[in-house]
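Please read the structure below before turning to the comments.
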Amino acid sequence: MAVSEIIGAAVGILLLVIVAYVIVGGTLTAGETIATAQKDLTLQNEARLRTSIQPQSIRDQQHNV
């Protein structure tokens, strides 16, 4: 009887690890997808409004001050 309890506990722990792996993987994938979508939307808005910023070198900015 003790062996069946150990096997049951091992199977339970294994199932918990698998479920945790699936949930964490899904969360990371969703986060990456959302970040990519936000970046694409920002690039589209910049192109539509022509508001992109092109930084100059630091030397050019220091001479203008």
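In the structure tokens, each chain is lettered A, B, ... as it comes, each chain's residues begin at 1, and ligands are numbered from 1 in order of appearance.
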Members of chain A assigned helix (DSSP H, G or I) by DSSP, as number ranges by chain:
A: 2-49, 58-64
Any chance you can output those residues with C-alpha atoms as a tab-separated table (two decimals), in the first residue's frame?
```
chain	number	residue	atom	x	y	z
A	2	ALA	CA	2.79	2.41	0.73
A	3	VAL	CA	4.18	1.91	-2.76
A	4	SER	CA	0.89	2.91	-4.40
A	5	GLU	CA	0.80	6.11	-2.35
A	6	ILE	CA	4.32	7.00	-3.45
A	7	ILE	CA	3.46	6.29	-7.09
A	8	GLY	CA	0.28	8.36	-6.78
A	9	ALA	CA	2.21	11.26	-5.26
A	10	ALA	CA	4.86	11.05	-8.01
A	11	VAL	CA	2.18	11.08	-10.72
A	12	GLY	CA	0.49	14.05	-9.04
A	13	ILE	CA	3.73	16.01	-8.87
A	14	LEU	CA	4.49	15.16	-12.50
A	15	LEU	CA	1.06	16.44	-13.55
A	16	LEU	CA	1.59	19.65	-11.57
A	17	VAL	CA	4.93	20.24	-13.28
A	18	ILE	CA	3.41	19.65	-16.73
A	19	VAL	CA	0.50	22.01	-16.04
A	20	ALA	CA	2.85	24.68	-14.70
A	21	TYR	CA	5.05	24.32	-17.80
A	22	VAL	CA	2.06	24.76	-20.12
A	23	ILE	CA	0.74	27.79	-18.21
A	24	VAL	CA	4.13	29.52	-18.07
A	25	GLY	CA	4.76	28.79	-21.76
A	26	GLY	CA	1.37	30.19	-22.70
A	27	THR	CA	1.94	33.32	-20.62
A	28	LEU	CA	5.35	33.96	-22.17
A	29	THR	CA	3.99	33.43	-25.68
A	30	ALA	CA	1.08	35.79	-25.03
A	31	GLY	CA	3.41	38.44	-23.63
A	32	GLU	CA	5.70	38.22	-26.63
A	33	THR	CA	2.76	38.43	-29.03
A	34	ILE	CA	1.37	41.51	-27.26
A	35	ALA	CA	4.77	43.24	-27.25
A	36	THR	CA	5.20	42.58	-30.97
A	37	ALA	CA	1.71	43.85	-31.74
A	38	GLN	CA	2.31	47.07	-29.77
A	39	LYS	CA	5.62	47.64	-31.57
A	40	ASP	CA	3.99	47.11	-34.97
A	41	LEU	CA	1.16	49.48	-34.09
A	42	THR	CA	3.64	52.17	-33.01
A	43	LEU	CA	5.59	51.81	-36.26
A	44	GLN	CA	2.39	52.07	-38.30
A	45	ASN	CA	1.31	55.20	-36.43
A	46	GLU	CA	4.74	56.79	-36.92
A	47	ALA	CA	4.60	56.06	-40.64
A	48	ARG	CA	1.04	57.38	-40.91
A	49	LEU	CA	1.69	60.57	-38.94
A	58	ILE	CA	26.04	64.05	-29.35
A	59	ARG	CA	28.74	66.24	-30.92
A	60	ASP	CA	26.21	68.05	-33.12
A	61	GLN	CA	24.03	68.78	-30.09
A	62	GLN	CA	26.95	70.12	-28.02
A	63	HIS	CA	27.96	72.63	-30.73
A	64	ASN	CA	24.43	74.00	-30.94
```
